[in-house]
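Student: The structure follows.
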Amino acid sequence: MNTSSAVQAALSGLGFGLSLIVVIGAQNTFVLRQGIRREHVLAVVAVCAVSDVVLIAAGVAGFGAVIRSAPTVLVMARYAGAAFLIGYGIMAARRALSPGAITGEPSGASVALGATLLTCLGMTWLNPNVYLDTVVLLGSFASTYAGAYRWFLAAGAMLGSILWFTGLGFGARLLGPLFARRTAWRALDSVIALIMFTFGAVLVLQH
């Protein structure tokens with residue numbers, strides 16, 4: 001095995017993986033909010049990173065073809081994901097509109113770990129675009145590499161996800177001083193609500 005080719009494959013996977021994940025989306029917005037709150041950050045980061053590792057491995061192993069052959073599964077996930085995102089958007093809108101419901105502040109009511117993890121899992125596994133990105137697109141890209149090299153590419157993509165979610169979750173605390181005011185949390189929750197409603201609507205209207 002050529003070492004330079006293996007490194008090149010890993011770097012290609014790292015770059016391709018980051019290009020898919022570094023976007024303003026429902027999952028990243030949720031991780032950002034948890035990071036700013038400093039609440040269950042390690043658990044949320046772990047769930048997101050491990051989920052990506054599993055999905056990337058599935059894509060490289062060839063499960064993208066299985067998903068393409070079962071469009072009904074994606075349709076069901078699309079509507080379930082839309083309902084989930086719209087529901088979370090409503091919760092964010094209520095926090096933004098109701099002074100007593102702003103729980104993002106450090107002194108606000110803490111959300112249980114179990115509920116936080118369920119929300120995080122929903123953000124990840126109920127979004128059909130996650131499967132299209134990691135399993136189908138990345139899996140197709142990996143198929144252009146021969147033999148073990150595709151797994152070096154997968155390792156690079158997995159590393160990209162781990163680095164991104166770790167940086168986003170734990171780096172968000174640097175925004176803490178900005179969110180010391182209730183108005184900042186209202187603005188953030190308003191943006192979160194808009195993002196959730198937008199992605200929910202996109203999922204419903206997709207064909």
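Chain labels run A, B, ... following the order of the structure tokens; each chain numbers its residues from 1, and ligands are numbered from 1 in the order shown.
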Give me, as a Markdown table, the closest atom pair and its distance (Å, one decimal) for every residue of segment 67-92 of chain A within a cut-off of 10 Å of segment 13-27 of chain A, counting only C-alpha atoms, rows sorted by chain and rising number.
Tutor:
| residue | atom | partner | partner_atom | distance |
| --- | --- | --- | --- | --- |
| A:Leu85 | CA | A:Ala26 | CA | 7.6 |
| A:Tyr88 | CA | A:Ala26 | CA | 9.7 |
| A:Gly89 | CA | A:Ala26 | CA | 9.7 |
Student: To test your reading of the structure, identify every residue in segment 3-207 of chain A that backbone DSSP assigns to alpha helix (DSSP H), and report it as a count of residues only.
Tutor: 149
Student: Identify, on the basis of only C-alpha atoms, every residue whose closest approach to Thr116 of chain A does not exceed 12 Å; exclude the query and any residue fewer than 5 positions from it along the same chain; express the result as a PyMOL selection string.
Tutor: chain A and resi 30-31+33-34+39-45+47+88+110-111+121-123
Student: So that each row is one residue of segment 34-137 of chain A with an atom at most 7 Å from segment 183-192 of chain A, can you give its shortest atom pair and the distance in Å to one decimal, using only C-alpha atoms, rows by chain and rising number, as CSV?
Tutor:
residue,atom,partner,partner_atom,distance
A:Gly89,CA,A:Ile192,CA,6.8
A:Ala92,CA,A:Asp189,CA,5.2
A:Ala93,CA,A:Ser190,CA,5.9
A:Arg95,CA,A:Asp189,CA,6.7
A:Ala96,CA,A:Arg186,CA,4.4
A:Gly104,CA,A:Trp185,CA,6.4
Student: Can you list, as a ChimeraX atom specification, every protein, DNA or RNA residue that comes within 12 Å of segment 70-83 of chain A when you count only C-alpha atoms, leaving out same-chain residues fewer than 6 positions away?
Tutor: /A:26-27,63-64,89-90,119,121-132,136,195-207
Student: Keeping N, CA, C and O atoms for every residue in the selection just given, could you write it to a file as a short mmCIF file (atom, residue, chain, number, x, y, z; two decimals), in the first residue's frame?
Tutor:
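What follows is the written file out-v2.cif:
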data_model
loop_
_atom_site.label_atom_id
_atom_site.label_comp_id
_atom_site.auth_asym_id
_atom_site.auth_seq_id
_atom_site.Cartn_x
_atom_site.Cartn_y
_atom_site.Cartn_z
N ALA A 26 -30.16 22.26 11.19
CA ALA A 26 -30.85 22.00 12.45
C ALA A 26 -29.93 21.39 13.50
O ALA A 26 -29.90 21.82 14.65
N GLN A 27 -29.15 20.39 13.09
CA GLN A 27 -28.28 19.71 14.04
C GLN A 27 -27.19 20.64 14.57
O GLN A 27 -26.96 20.72 15.78
N PHE A 63 -23.95 0.80 1.76
CA PHE A 63 -25.37 0.87 2.09
C PHE A 63 -26.09 1.98 1.33
O PHE A 63 -27.32 2.08 1.39
N GLY A 64 -25.33 2.82 0.62
CA GLY A 64 -25.97 3.86 -0.19
C GLY A 64 -26.87 3.27 -1.25
O GLY A 64 -27.95 3.79 -1.54
N GLY A 89 -39.16 23.90 16.37
CA GLY A 89 -39.23 25.31 16.01
C GLY A 89 -40.29 26.05 16.82
O GLY A 89 -40.09 27.20 17.23
N ILE A 90 -41.42 25.40 17.05
CA ILE A 90 -42.48 26.00 17.86
C ILE A 90 -41.99 26.24 19.29
O ILE A 90 -42.25 27.28 19.90
N THR A 119 -33.64 14.56 21.78
CA THR A 119 -33.72 15.65 20.81
C THR A 119 -32.55 15.60 19.84
O THR A 119 -32.72 15.75 18.63
N LEU A 121 -30.75 12.97 19.00
CA LEU A 121 -30.93 11.81 18.12
C LEU A 121 -31.96 12.11 17.03
O LEU A 121 -31.79 11.71 15.88
N GLY A 122 -33.03 12.83 17.42
CA GLY A 122 -34.03 13.20 16.43
C GLY A 122 -33.47 14.12 15.37
O GLY A 122 -33.73 13.97 14.17
N MET A 123 -32.67 15.11 15.81
CA MET A 123 -32.05 16.04 14.87
C MET A 123 -31.17 15.32 13.86
O MET A 123 -31.02 15.74 12.72
N THR A 124 -30.58 14.21 14.30
CA THR A 124 -29.64 13.47 13.45
C THR A 124 -30.33 12.42 12.60
O THR A 124 -30.24 12.44 11.37
N TRP A 125 -31.04 11.51 13.24
CA TRP A 125 -31.53 10.33 12.54
C TRP A 125 -32.88 10.51 11.86
O TRP A 125 -33.28 9.66 11.04
N LEU A 126 -33.60 11.58 12.16
CA LEU A 126 -34.87 11.84 11.47
C LEU A 126 -34.70 12.80 10.30
O LEU A 126 -35.69 13.22 9.71
N ASN A 127 -33.48 13.15 9.99
CA ASN A 127 -33.21 14.06 8.87
C ASN A 127 -32.73 13.24 7.67
O ASN A 127 -31.59 12.75 7.67
N PRO A 128 -33.54 13.08 6.64
CA PRO A 128 -33.14 12.27 5.48
C PRO A 128 -31.92 12.83 4.76
O PRO A 128 -31.19 12.09 4.11
N ASN A 129 -31.69 14.14 4.87
CA ASN A 129 -30.52 14.73 4.23
C ASN A 129 -29.22 14.20 4.81
O ASN A 129 -28.19 14.17 4.13
N VAL A 130 -29.27 13.77 6.07
CA VAL A 130 -28.08 13.18 6.69
C VAL A 130 -27.69 11.90 5.96
O VAL A 130 -26.52 11.65 5.68
N TYR A 131 -28.70 11.09 5.62
CA TYR A 131 -28.43 9.85 4.90
C TYR A 131 -27.93 10.13 3.49
O TYR A 131 -27.03 9.46 2.99
N LEU A 132 -28.51 11.13 2.85
CA LEU A 132 -28.09 11.47 1.50
C LEU A 132 -26.65 11.98 1.49
O LEU A 132 -25.87 11.65 0.58
N VAL A 136 -25.10 8.21 1.02
CA VAL A 136 -25.17 8.18 -0.43
C VAL A 136 -24.02 8.96 -1.09
O VAL A 136 -23.23 8.40 -1.85
N ILE A 195 -34.87 28.70 11.41
CA ILE A 195 -34.13 27.61 10.76
C ILE A 195 -34.94 26.32 10.79
O ILE A 195 -35.04 25.60 9.79
N MET A 196 -35.53 26.01 11.95
CA MET A 196 -36.29 24.77 12.08
C MET A 196 -37.52 24.79 11.17
O MET A 196 -37.83 23.80 10.50
N PHE A 197 -38.24 25.91 11.14
CA PHE A 197 -39.41 26.02 10.27
C PHE A 197 -39.01 25.90 8.80
O PHE A 197 -39.69 25.24 8.00
N THR A 198 -37.89 26.52 8.45
CA THR A 198 -37.43 26.49 7.06
C THR A 198 -37.07 25.08 6.64
O THR A 198 -37.53 24.60 5.58
N PHE A 199 -36.28 24.39 7.45
CA PHE A 199 -35.87 23.03 7.09
C PHE A 199 -37.06 22.07 7.13
O PHE A 199 -37.13 21.13 6.33
N GLY A 200 -37.98 22.29 8.07
CA GLY A 200 -39.19 21.47 8.11
C GLY A 200 -40.01 21.64 6.85
O GLY A 200 -40.50 20.66 6.26
N ALA A 201 -40.17 22.89 6.41
CA ALA A 201 -40.93 23.15 5.19
C ALA A 201 -40.24 22.58 3.97
O ALA A 201 -40.89 22.02 3.06
N VAL A 202 -38.92 22.67 3.93
CA VAL A 202 -38.17 22.11 2.80
C VAL A 202 -38.37 20.61 2.71
O VAL A 202 -38.57 20.05 1.62
N LEU A 203 -38.36 19.93 3.85
CA LEU A 203 -38.57 18.49 3.86
C LEU A 203 -39.96 18.12 3.36
O LEU A 203 -40.13 17.16 2.62
N VAL A 204 -40.96 18.92 3.75
CA VAL A 204 -42.34 18.63 3.32
C VAL A 204 -42.49 18.84 1.82
O VAL A 204 -43.17 18.07 1.13
N LEU A 205 -41.83 19.89 1.29
CA LEU A 205 -42.01 20.26 -0.11
C LEU A 205 -41.08 19.52 -1.06
O LEU A 205 -41.22 19.65 -2.27
N GLN A 206 -40.12 18.75 -0.52
CA GLN A 206 -39.21 18.02 -1.38
C GLN A 206 -39.95 16.94 -2.17
O GLN A 206 -40.92 16.36 -1.70
N HIS A 207 -39.48 16.69 -3.37
CA HIS A 207 -40.08 15.65 -4.21
C HIS A 207 -39.00 14.62 -4.56
O HIS A 207 -37.83 14.94 -4.63
#
Student: If we count only C-alpha atoms, what is near Ile36 of chain A at a cut-off of 8 Å, once residues fewer than 5 positions away on the same chain are taken out, given as a ChimeraX atom specification?
Tutor: /A:169,172-176,179
Student: Go ahead and save the residues from that selection, with C-alpha atoms, as a PDB file, in the first residue's frame.
Tutor:
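What ended up in part.pdb:
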ATOM      1  CA  GLY A 169     -19.921  22.305  21.025  1.00  0.00           C
ATOM      2  CA  ALA A 172     -19.558  27.889  21.633  1.00  0.00           C
ATOM      3  CA  ARG A 173     -18.853  28.813  25.254  1.00  0.00           C
ATOM      4  CA  LEU A 174     -16.685  31.643  23.940  1.00  0.00           C
ATOM      5  CA  LEU A 175     -19.963  33.328  23.002  1.00  0.00           C
ATOM      6  CA  GLY A 176     -21.031  33.241  26.653  1.00  0.00           C
ATOM      7  CA  PHE A 179     -25.471  35.751  25.690  1.00  0.00           C
TER       8      PHE A 179
END
Student: Which one is closest to Asp133 of chain A: A:Gly59, A:Arg38, A:Ser4, A:Gly167? Count only C-alpha atoms.
Tutor: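 For Asp133 of chain A, the nearest of the candidates is A:Gly59.
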Student: Rounded to one decimal in Å, what is the spacing between atom CA of Ser12 of chain A and atom CA of Gly156 of chain A?
Tutor: 7.2 Å
Student: Which residue is closest to Thr29 of chain A? Choose from A:Ile162, A:Ala155, A:Cys120, A:Ala115 and count only C-alpha atoms.
Tutor: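 Closest residue, counting only C-alpha atoms: A:Cys120.
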Student: Which residue gives the smallest distance to Ala57 of chain A among A:Leu178, A:Leu117, A:Leu194, A:Ala142, with only C-alpha atoms counted?
Tutor: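 Result for the nearest residue to Ala57 of chain A: A:Ala142.
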